[in-house]
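Raw contents of input.txt, compact mmCIF, C-alpha atoms:
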# COMPACT_ATOMS: atom_id res chain seq x y z
CA MET S 209 0.00 0.00 0.00
CA THR S 210 1.33 3.40 -0.95
CA THR S 211 1.46 5.87 1.92
CA PRO S 212 1.93 9.66 1.76
CA SER S 213 5.46 9.29 3.12
CA SER S 214 6.41 6.66 0.51
CA THR S 215 4.89 8.82 -2.23
CA ARG S 216 7.00 11.75 -1.10
CA MET S 217 10.09 9.54 -1.02
CA ILE S 218 9.41 8.29 -4.55
CA ALA S 219 9.00 11.88 -5.73
CA ALA S 220 12.23 12.92 -4.00
CA VAL S 221 14.19 10.03 -5.57
CA ARG S 222 12.74 10.79 -8.99
CA THR S 223 13.62 14.48 -8.67
CA ALA S 224 17.16 13.78 -7.46
CA LEU S 225 17.80 11.34 -10.31
CA ALA S 226 16.37 13.73 -12.87
CA LEU S 227 18.39 16.67 -11.58
CA ALA S 228 21.64 14.69 -11.55
CA ILE S 229 21.12 13.52 -15.14
CA VAL S 230 20.21 17.00 -16.38
CA VAL S 231 23.25 18.56 -14.70
CA ALA S 232 25.43 15.81 -16.19
CA GLY S 233 24.06 16.57 -19.64
CA ILE S 234 24.78 20.26 -19.22
CA ALA S 235 28.30 19.57 -17.93
CA TYR S 236 28.94 17.28 -20.89
CA SER S 237 28.34 20.26 -23.18
CA SER S 238 31.22 22.23 -21.65
CA TRP S 239 32.89 22.22 -25.07
CA LEU S 240 30.64 25.19 -25.92
CA LEU S 241 32.97 27.26 -23.73
CA GLU S 242 35.59 27.05 -26.48
CA TYR S 243 33.71 29.84 -28.23
CA VAL S 244 34.40 32.26 -25.36
CA LEU S 245 37.70 30.96 -23.94
CA HIS S 246 39.76 31.37 -27.14
CA THR S 247 41.42 27.96 -27.04
CA GLY S 248 43.26 28.55 -30.30
CA LEU S 249 41.67 25.47 -31.90
CA ASP S 250 39.59 25.56 -35.06
CA PRO S 251 36.16 24.01 -34.27
CA THR S 252 35.83 22.96 -37.91
CA THR S 253 38.84 20.66 -37.95
CA SER S 254 39.83 20.06 -34.32
CA PHE S 255 38.45 17.31 -32.13
CA LEU S 256 37.03 17.79 -28.65
CA SER S 257 39.79 15.60 -27.22
CA GLU S 258 42.17 18.41 -28.07
CA LEU S 259 40.42 20.81 -25.70
CA ASP S 260 41.73 18.95 -22.65
CA ALA S 261 44.98 17.66 -24.14
CA VAL S 262 48.05 17.89 -21.92
CA GLY S 263 49.38 21.44 -21.98
CA GLN S 264 46.22 23.07 -23.27
CA ARG S 265 45.53 26.39 -21.52
CA TYR S 266 41.99 25.52 -20.39
CA ARG S 267 42.47 21.80 -19.97
CA ASP S 268 41.25 21.80 -16.36
CA VAL S 269 37.96 23.48 -17.28
CA PHE S 270 36.98 20.81 -19.78
CA SER S 271 38.47 17.92 -17.82
CA ILE S 272 36.64 18.83 -14.61
CA ALA S 273 33.36 19.30 -16.46
CA ASP S 274 33.62 15.84 -18.06
CA THR S 275 34.61 14.27 -14.75
CA VAL S 276 31.58 15.83 -13.05
CA SER S 277 29.33 14.65 -15.86
CA GLY S 278 30.67 11.11 -15.78
CA SER S 279 30.50 10.90 -11.99
CA LEU S 280 26.89 12.09 -11.86
CA LEU S 281 25.83 9.64 -14.56
CA ALA S 282 27.62 6.68 -12.99
CA ALA S 283 26.09 7.46 -9.59
CA SER S 284 22.64 8.02 -11.09
CA ALA S 285 22.77 4.72 -12.96
CA VAL S 286 23.73 2.78 -9.84
CA ALA S 287 20.99 4.50 -7.83
CA ALA S 288 18.42 3.79 -10.53
CA LEU S 289 19.35 0.10 -10.61
CA PHE S 290 18.72 -0.12 -6.87
CA VAL S 291 15.57 1.98 -6.55
CA LEU S 292 13.73 1.35 -9.83
CA PRO S 293 11.99 -1.86 -10.86
CA ARG S 294 14.43 -3.81 -13.01
CA LYS S 295 12.71 -3.98 -16.36
CA LYS S 296 15.05 -5.56 -18.91
CA LEU S 297 15.35 -2.69 -21.36
CA ALA S 298 15.64 -0.07 -18.64
CA THR S 299 18.28 -2.16 -16.88
CA VAL S 300 20.31 -2.36 -20.10
CA GLY S 301 19.99 1.41 -20.41
CA TRP S 302 21.14 2.13 -16.87
CA VAL S 303 24.08 -0.28 -17.12
CA ALA S 304 25.12 1.33 -20.41
CA LEU S 305 24.80 4.76 -18.85
CA PHE S 306 27.02 3.64 -15.97
CA VAL S 307 29.65 2.43 -18.45
CA PHE S 308 29.38 5.72 -20.31
CA GLY S 309 29.91 7.64 -17.06
CA VAL S 310 32.98 5.63 -16.09
CA ALA S 311 34.43 5.88 -19.61
CA THR S 312 33.85 9.64 -19.60
CA ILE S 313 35.74 9.98 -16.32
CA ALA S 314 38.60 7.97 -17.83
CA ASP S 315 38.42 10.07 -21.00
CA ALA S 316 38.90 13.25 -18.99
CA ASN S 317 41.78 11.87 -16.96
CA LEU S 318 43.65 10.03 -19.71
CA PRO S 319 44.03 12.85 -22.25
CA ILE S 320 46.03 12.91 -25.44
CA THR S 321 49.48 14.29 -24.67
CA CYS S 322 50.00 16.53 -27.68
CA VAL S 323 48.03 18.46 -30.28
CA PRO S 324 49.98 18.33 -33.53
CA SER S 325 50.22 21.30 -35.86
CA ALA S 326 52.24 22.35 -38.87
CA LEU S 327 54.49 24.49 -36.69
CA HIS S 328 54.69 22.16 -33.70
CA PRO S 329 54.54 18.48 -34.68
CA CYS S 330 54.40 15.99 -31.86
CA PRO S 331 57.60 14.00 -31.39
CA SER S 332 55.91 11.01 -29.78
CA GLU S 333 52.39 11.19 -31.22
CA PRO S 334 51.41 10.67 -34.86
CA SER S 335 50.18 13.72 -36.70
CA GLY S 336 46.90 13.89 -38.57
CA LEU S 337 43.32 14.63 -37.75
CA PHE S 338 42.90 11.65 -35.41
CA PRO S 339 45.99 11.69 -33.15
CA GLN S 340 43.88 10.35 -30.28
CA LEU S 341 43.26 7.11 -32.19
CA HIS S 342 46.81 6.05 -31.32
CA HIS S 343 46.37 6.69 -27.59
CA ILE S 344 44.56 4.89 -24.76
CA HIS S 345 42.20 7.86 -24.96
CA ALA S 346 40.91 6.20 -28.13
CA LEU S 347 39.74 3.19 -26.13
CA THR S 348 37.91 5.24 -23.51
CA SER S 349 36.31 7.43 -26.20
CA THR S 350 35.16 4.41 -28.19
CA VAL S 351 33.70 2.74 -25.10
CA ALA S 352 31.91 5.96 -24.13
CA VAL S 353 30.34 6.48 -27.55
CA ASN S 354 29.22 2.86 -27.88
CA ALA S 355 27.81 2.88 -24.35
CA ILE S 356 25.72 5.99 -24.78
CA PHE S 357 24.34 4.67 -28.07
CA ILE S 358 23.28 1.48 -26.30
CA ALA S 359 21.66 3.58 -23.56
CA MET S 360 19.84 5.75 -26.10
CA ILE S 361 18.51 2.74 -27.98
CA ALA S 362 17.53 0.84 -24.83
CA PHE S 363 15.67 3.72 -23.20
CA THR S 364 13.93 4.72 -26.44
CA TRP S 365 12.84 1.12 -26.97
CA ALA S 366 11.71 0.96 -23.33
CA GLU S 367 9.48 4.00 -23.86
CA PHE S 368 7.82 2.45 -26.91
CA ARG S 369 7.36 -0.87 -25.11
CA TYR S 370 6.44 0.22 -21.59
CA GLY S 371 5.39 3.86 -21.89
CA GLY S 372 5.74 6.51 -19.22
CA TRP S 373 9.00 8.10 -20.45
CA HIS S 374 7.16 10.40 -22.83
CA ALA S 375 9.98 12.83 -23.55
CA LEU S 376 11.96 9.99 -25.10
CA ARG S 377 9.27 9.05 -27.62
CA ALA S 378 9.69 12.03 -29.93
CA THR S 379 12.56 14.22 -28.75
CA GLY S 380 14.74 11.32 -27.69
CA LEU S 381 14.17 9.47 -30.95
CA VAL S 382 15.04 12.55 -33.03
CA LEU S 383 18.26 13.04 -31.06
CA LEU S 384 19.15 9.37 -31.48
CA ILE S 385 18.73 9.69 -35.25
CA CYS S 386 20.75 12.93 -35.28
CA ALA S 387 23.61 11.38 -33.28
CA SER S 388 23.59 8.28 -35.49
CA THR S 389 23.75 10.39 -38.64
CA THR S 390 26.69 12.47 -37.45
CA THR S 391 28.50 9.33 -36.28
CA ALA S 392 28.12 7.88 -39.77
CA TRP S 393 29.45 11.19 -41.11
CA LEU S 394 32.51 10.86 -38.89
CA LEU S 395 33.22 7.22 -39.71
CA ILE S 396 32.75 7.56 -43.46
CA ALA S 397 34.38 10.96 -44.02
CA ASP S 398 37.47 10.06 -41.98
CA ASN S 399 38.32 7.44 -44.58
CA LEU S 400 37.92 9.79 -47.53
CA PRO S 401 40.47 12.27 -48.89
CA GLY S 402 39.75 15.94 -48.27
CA ASP S 403 38.29 18.06 -45.50
CA TYR S 404 34.77 17.17 -44.42
CA ALA S 405 34.48 19.40 -41.33
CA LEU S 406 34.84 16.45 -38.97
CA GLY S 407 35.20 18.81 -36.03
CA VAL S 408 31.72 20.13 -36.76
CA ALA S 409 30.37 16.59 -37.07
CA GLN S 410 31.75 15.60 -33.67
CA ARG S 411 30.38 18.73 -32.03
CA VAL S 412 26.94 18.03 -33.43
CA GLN S 413 27.24 14.41 -32.27
CA VAL S 414 28.27 15.30 -28.73
CA GLY S 415 25.70 18.09 -28.63
CA GLY S 416 23.09 15.46 -29.46
CA PHE S 417 24.35 13.29 -26.60
CA SER S 418 24.09 16.21 -24.18
CA LEU S 419 20.57 17.12 -25.26
CA TRP S 420 19.52 13.48 -25.02
CA LEU S 421 20.83 13.26 -21.45
CA VAL S 422 18.80 16.34 -20.54
CA THR S 423 15.79 14.74 -22.23
CA LEU S 424 16.30 11.55 -20.21
CA GLY S 425 16.39 13.62 -17.03
CA VAL S 426 13.14 15.33 -17.99
CA ALA S 427 11.59 11.94 -18.79
CA VAL S 428 12.55 10.61 -15.35
CA TRP S 429 11.17 13.72 -13.65
CA ARG S 430 7.89 13.66 -15.56
CA SER S 431 7.23 9.95 -15.19
CA PRO S 432 4.03 9.53 -13.14
CA THR S 433 5.67 6.93 -10.89
CA LEU S 434 8.96 5.11 -10.80
CA ARG S 435 7.63 2.59 -13.30
CA HIS S 436 5.02 0.96 -11.04
CA HIS S 437 2.53 0.92 -13.93
CA GLU S 438 4.79 -0.73 -16.52
CA ARG S 439 3.72 -3.97 -18.15
CA SER S 440 5.82 -7.01 -17.36
CA ASP S 441 8.50 -8.15 -19.82

Go ahead and render the structure in this file as structure tokens.
Amino acid sequence: MTTPSSTRMIAAVRTALALAIVVAGIAYSSWLLEYVLHTGLDPTTSFLSELDAVGQRYRDVFSIADTVSGSLLAASAVAALFVLPRKKLATVGWVALFVFGVATIADANLPITCVPSALHPCPSEPSGLFPQLHHIHALTSTVAVNAIFIAMIAFTWAEFRYGGWHALRATGLVLLICASTTTAWLLIADNLPGDYALGVAQRVQVGGFSLWLVTLGVAVWRSPTLRHHERSD
């Protein structure tokens, strides 16, 4: 039987989870600060990994923001797994979000060590548009991207199957399609000769991730209960 005190507790948990996820999404968009901090990088051709590369002037700003984002998401995912009913698709989503959070923390704390340029080539890092692909940072970045895609798919599917996470039905699906399109842009264009504004593609991709995280937070906050009304798997 639901009592007023348990109802208030459910509401408090839902609000705390939603707030943590929204803040994490906002923190994950810290790359937008490059437009006011004058990092010296060209957003059209540079990658976001270069913003917190070793020696970059504002490395701490971007590294701390990503660490905060990853920590909030990892904590939120663990909390959700303990306090929410463990529906299969939702469980997959929360586990993937936890992996994304941990990988994002690692991403921020295992940066590339040099940003190559025509005037200052890196002695120990390969030059080219993807220097981070030859660094352990590549592993953490790949894990993070794959994990958030799994989370996006799982939670979107959960909304269509169970209902209740209404913000994910339209907005979340559009953002999933947008992120998938820009990821295809990155993967295909990187293997073609010429300049295809890959920096722009990655910024659109990561911007889509950030907006989706905010959407997930809104969906959690607006859910009528913590999934008590869901159909069984």

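Summary of the local environment: counting all atoms listed in the file, residues at most 8 Å from Gly416 (chain S), other than itself and those fewer than 2 positions away along its chain, are Leu383, Leu384, Cys386, Ala387, Val412, Gln413, Val414, Ser418, Leu419 and Trp420 of chain S.
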
Within 12 Å of region 277-295 of chain S, which residues of region 359-401 of chain S show up? Give each one with its shortest atom-to-atom distance in Å (one decimal) and the two atoms involved, counting all atoms listed in the file, rows by chain then rising residue number, as a Markdown table.
| residue | atom | partner | partner_atom | distance |
| --- | --- | --- | --- | --- |
| S:Ala359 | CA | S:Ala285 | CA | 10.7 |
| S:Ala362 | CA | S:Lys295 | CA | 10.9 |
| S:Phe363 | CA | S:Lys295 | CA | 10.7 |
| S:Trp365 | CA | S:Lys295 | CA | 11.8 |
| S:Ala366 | CA | S:Lys295 | CA | 8.6 |
| S:Glu367 | CA | S:Lys295 | CA | 11.4 |
| S:Arg369 | CA | S:Lys295 | CA | 10.7 |
| S:Tyr370 | CA | S:Lys295 | CA | 9.2 |

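For Leu421 (chain S), the list of residues within 9 Å, based on only C-alpha atoms and with local chain neighbours fewer than 5 positions off taken out, reads S:Ile229, S:Val230, S:Val231, S:Ala232, S:Gly233, S:Ile234, S:Met360, S:Gly380, S:Gly416, S:Val426.
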
Given only C-alpha atoms as the counted atoms, nearest of S:Leu297, S:Ala405, S:Ala224, S:Val262 to Ile320 (chain S):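 The closest residue to Ile320 (chain S) is S:Val262.
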
Separation of CA of Thr247 (chain S) from CA of Leu259 (chain S) in Å: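 Between these atoms lies a distance of 7.3 Å.
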
Long-range neighbours of Thr348 (chain S) as an NGL selection string, 7 Å cut-off, only C-alpha atoms, 5 positions minimum in chain: :S and (311 or 314-315)

Separation of CA of Gly263 (chain S) from CA of Gly309 (chain S) in Å: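 It comes out at 24.4 Å.
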
Computed interatomic separation between CA of Ala219 (chain S) and CA of Val276 (chain S) (Å):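 If I compute the distance from CA of Ala219 (chain S) to CA of Val276 (chain S), I get 24.1 Å.
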
Could you pull the residues within 10 Å of Leu406 (chain S), counting all atoms listed in the file, minus those fewer than 4 positions along the same chain, as a tab-separated table (two decimals) with C-alpha atoms, in the coordinates of the input?
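Done, and the output landed in selection37.tsv:
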chain	number	residue	atom	x	y	z
S	251	PRO	CA	36.16	24.01	-34.27
S	252	THR	CA	35.83	22.96	-37.91
S	253	THR	CA	38.84	20.66	-37.95
S	254	SER	CA	39.83	20.06	-34.32
S	255	PHE	CA	38.45	17.31	-32.13
S	337	LEU	CA	43.32	14.63	-37.75
S	390	THR	CA	26.69	12.47	-37.45
S	391	THR	CA	28.50	9.33	-36.28
S	393	TRP	CA	29.45	11.19	-41.11
S	394	LEU	CA	32.51	10.86	-38.89
S	395	LEU	CA	33.22	7.22	-39.71
S	397	ALA	CA	34.38	10.96	-44.02
S	398	ASP	CA	37.47	10.06	-41.98
S	410	GLN	CA	31.75	15.60	-33.67
S	411	ARG	CA	30.38	18.73	-32.03
S	412	VAL	CA	26.94	18.03	-33.43

Nearest-residue call for Asn354 (chain S), choices S:Ala392, S:Val382, S:Ala226, S:Ala304, using all atoms listed in the file: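 Looking only at the distances to Asn354 (chain S), the closest residue turns out to be S:Ala304.
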
Within 10 Å of Ala261 (chain S) using only C-alpha atoms, minus same-chain residues under 2 positions, as an NGL selection string: :S and (256-259 or 263-268 or 270-271 or 316-323 or 340)

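Shortest separation to Ile361 (chain S) among S:Leu249, S:Ala273, S:Ile385, S:Thr312 occurs at residue S:Ile385, atoms counted being only C-alpha atoms.
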
Please supply region 384-395 of chain S, rebuilt with all heavy atoms, as a PDB file, in the frame of the given file.
ATOM      1  N   LEU S 384      18.478  10.619 -31.166  1.00  0.00           N
ATOM      2  CA  LEU S 384      19.150   9.370 -31.480  1.00  0.00           C
ATOM      3  C   LEU S 384      19.467   9.304 -32.976  1.00  0.00           C
ATOM      4  O   LEU S 384      20.584   8.939 -33.373  1.00  0.00           O
ATOM      5  CB  LEU S 384      18.284   8.177 -31.076  1.00  0.00           C
ATOM      6  CG  LEU S 384      18.774   6.790 -31.497  1.00  0.00           C
ATOM      7  CD1 LEU S 384      20.171   6.505 -30.962  1.00  0.00           C
ATOM      8  CD2 LEU S 384      17.784   5.716 -31.026  1.00  0.00           C
ATOM      9  N   ILE S 385      18.516   9.685 -33.796  1.00  0.00           N
ATOM     10  CA  ILE S 385      18.730   9.690 -35.250  1.00  0.00           C
ATOM     11  C   ILE S 385      19.802  10.705 -35.631  1.00  0.00           C
ATOM     12  O   ILE S 385      20.675  10.428 -36.468  1.00  0.00           O
ATOM     13  CB  ILE S 385      17.412   9.988 -35.982  1.00  0.00           C
ATOM     14  CG1 ILE S 385      16.417   8.837 -35.771  1.00  0.00           C
ATOM     15  CG2 ILE S 385      17.656  10.216 -37.473  1.00  0.00           C
ATOM     16  CD1 ILE S 385      15.025   9.121 -36.276  1.00  0.00           C
ATOM     17  N   CYS S 386      19.762  11.878 -35.000  1.00  0.00           N
ATOM     18  CA  CYS S 386      20.750  12.930 -35.280  1.00  0.00           C
ATOM     19  C   CYS S 386      22.152  12.455 -34.908  1.00  0.00           C
ATOM     20  O   CYS S 386      23.102  12.608 -35.692  1.00  0.00           O
ATOM     21  CB  CYS S 386      20.395  14.190 -34.496  1.00  0.00           C
ATOM     22  SG  CYS S 386      21.592  15.538 -34.680  1.00  0.00           S
ATOM     23  N   ALA S 387      22.304  11.869 -33.718  1.00  0.00           N
ATOM     24  CA  ALA S 387      23.610  11.380 -33.280  1.00  0.00           C
ATOM     25  C   ALA S 387      24.112  10.250 -34.172  1.00  0.00           C
ATOM     26  O   ALA S 387      25.302  10.165 -34.488  1.00  0.00           O
ATOM     27  CB  ALA S 387      23.538  10.920 -31.826  1.00  0.00           C
ATOM     28  N   SER S 388      23.208   9.389 -34.604  1.00  0.00           N
ATOM     29  CA  SER S 388      23.590   8.280 -35.490  1.00  0.00           C
ATOM     30  C   SER S 388      24.066   8.800 -36.841  1.00  0.00           C
ATOM     31  O   SER S 388      25.050   8.300 -37.408  1.00  0.00           O
ATOM     32  CB  SER S 388      22.400   7.335 -35.692  1.00  0.00           C
ATOM     33  OG  SER S 388      21.975   6.785 -34.460  1.00  0.00           O
ATOM     34  N   THR S 389      23.389   9.826 -37.346  1.00  0.00           N
ATOM     35  CA  THR S 389      23.750  10.390 -38.640  1.00  0.00           C
ATOM     36  C   THR S 389      25.130  11.042 -38.591  1.00  0.00           C
ATOM     37  O   THR S 389      25.962  10.840 -39.489  1.00  0.00           O
ATOM     38  CB  THR S 389      22.706  11.440 -39.075  1.00  0.00           C
ATOM     39  OG1 THR S 389      21.416  10.813 -39.156  1.00  0.00           O
ATOM     40  CG2 THR S 389      23.068  12.032 -40.435  1.00  0.00           C
ATOM     41  N   THR S 390      25.391  11.810 -37.542  1.00  0.00           N
ATOM     42  CA  THR S 390      26.690  12.470 -37.450  1.00  0.00           C
ATOM     43  C   THR S 390      27.809  11.464 -37.180  1.00  0.00           C
ATOM     44  O   THR S 390      28.944  11.664 -37.616  1.00  0.00           O
ATOM     45  CB  THR S 390      26.688  13.543 -36.337  1.00  0.00           C
ATOM     46  OG1 THR S 390      26.214  12.970 -35.110  1.00  0.00           O
ATOM     47  CG2 THR S 390      25.793  14.706 -36.719  1.00  0.00           C
ATOM     48  N   THR S 391      27.494  10.379 -36.486  1.00  0.00           N
ATOM     49  CA  THR S 391      28.500   9.330 -36.280  1.00  0.00           C
ATOM     50  C   THR S 391      28.856   8.675 -37.606  1.00  0.00           C
ATOM     51  O   THR S 391      30.043   8.410 -37.876  1.00  0.00           O
ATOM     52  CB  THR S 391      27.978   8.277 -35.288  1.00  0.00           C
ATOM     53  OG1 THR S 391      27.706   8.907 -34.027  1.00  0.00           O
ATOM     54  CG2 THR S 391      29.012   7.180 -35.076  1.00  0.00           C
ATOM     55  N   ALA S 392      27.853   8.425 -38.436  1.00  0.00           N
ATOM     56  CA  ALA S 392      28.120   7.880 -39.770  1.00  0.00           C
ATOM     57  C   ALA S 392      28.974   8.859 -40.573  1.00  0.00           C
ATOM     58  O   ALA S 392      29.898   8.463 -41.296  1.00  0.00           O
ATOM     59  CB  ALA S 392      26.812   7.590 -40.485  1.00  0.00           C
ATOM     60  N   TRP S 393      28.667  10.140 -40.453  1.00  0.00           N
ATOM     61  CA  TRP S 393      29.450  11.190 -41.110  1.00  0.00           C
ATOM     62  C   TRP S 393      30.917  11.084 -40.701  1.00  0.00           C
ATOM     63  O   TRP S 393      31.824  11.108 -41.537  1.00  0.00           O
ATOM     64  CB  TRP S 393      28.836  12.527 -40.732  1.00  0.00           C
ATOM     65  CG  TRP S 393      29.549  13.771 -41.198  1.00  0.00           C
ATOM     66  CD1 TRP S 393      30.659  13.883 -41.991  1.00  0.00           C
ATOM     67  CD2 TRP S 393      29.171  15.125 -40.875  1.00  0.00           C
ATOM     68  NE1 TRP S 393      31.002  15.196 -42.171  1.00  0.00           N
ATOM     69  CE2 TRP S 393      30.104  15.984 -41.497  1.00  0.00           C
ATOM     70  CE3 TRP S 393      28.153  15.677 -40.111  1.00  0.00           C
ATOM     71  CZ2 TRP S 393      30.043  17.371 -41.375  1.00  0.00           C
ATOM     72  CZ3 TRP S 393      28.075  17.054 -39.993  1.00  0.00           C
ATOM     73  CH2 TRP S 393      29.010  17.890 -40.630  1.00  0.00           C
ATOM     74  N   LEU S 394      31.144  10.955 -39.395  1.00  0.00           N
ATOM     75  CA  LEU S 394      32.510  10.860 -38.890  1.00  0.00           C
ATOM     76  C   LEU S 394      33.230   9.619 -39.413  1.00  0.00           C
ATOM     77  O   LEU S 394      34.371   9.695 -39.879  1.00  0.00           O
ATOM     78  CB  LEU S 394      32.487  10.823 -37.351  1.00  0.00           C
ATOM     79  CG  LEU S 394      32.250  12.144 -36.629  1.00  0.00           C
ATOM     80  CD1 LEU S 394      31.842  11.890 -35.181  1.00  0.00           C
ATOM     81  CD2 LEU S 394      33.504  12.999 -36.673  1.00  0.00           C
ATOM     82  N   LEU S 395      32.572   8.481 -39.339  1.00  0.00           N
ATOM     83  CA  LEU S 395      33.220   7.220 -39.710  1.00  0.00           C
ATOM     84  C   LEU S 395      33.505   7.146 -41.206  1.00  0.00           C
ATOM     85  O   LEU S 395      34.553   6.654 -41.625  1.00  0.00           O
ATOM     86  CB  LEU S 395      32.332   6.050 -39.286  1.00  0.00           C
ATOM     87  CG  LEU S 395      32.151   5.858 -37.775  1.00  0.00           C
ATOM     88  CD1 LEU S 395      31.165   4.734 -37.499  1.00  0.00           C
ATOM     89  CD2 LEU S 395      33.485   5.578 -37.099  1.00  0.00           C
TER      90      LEU S 395
END
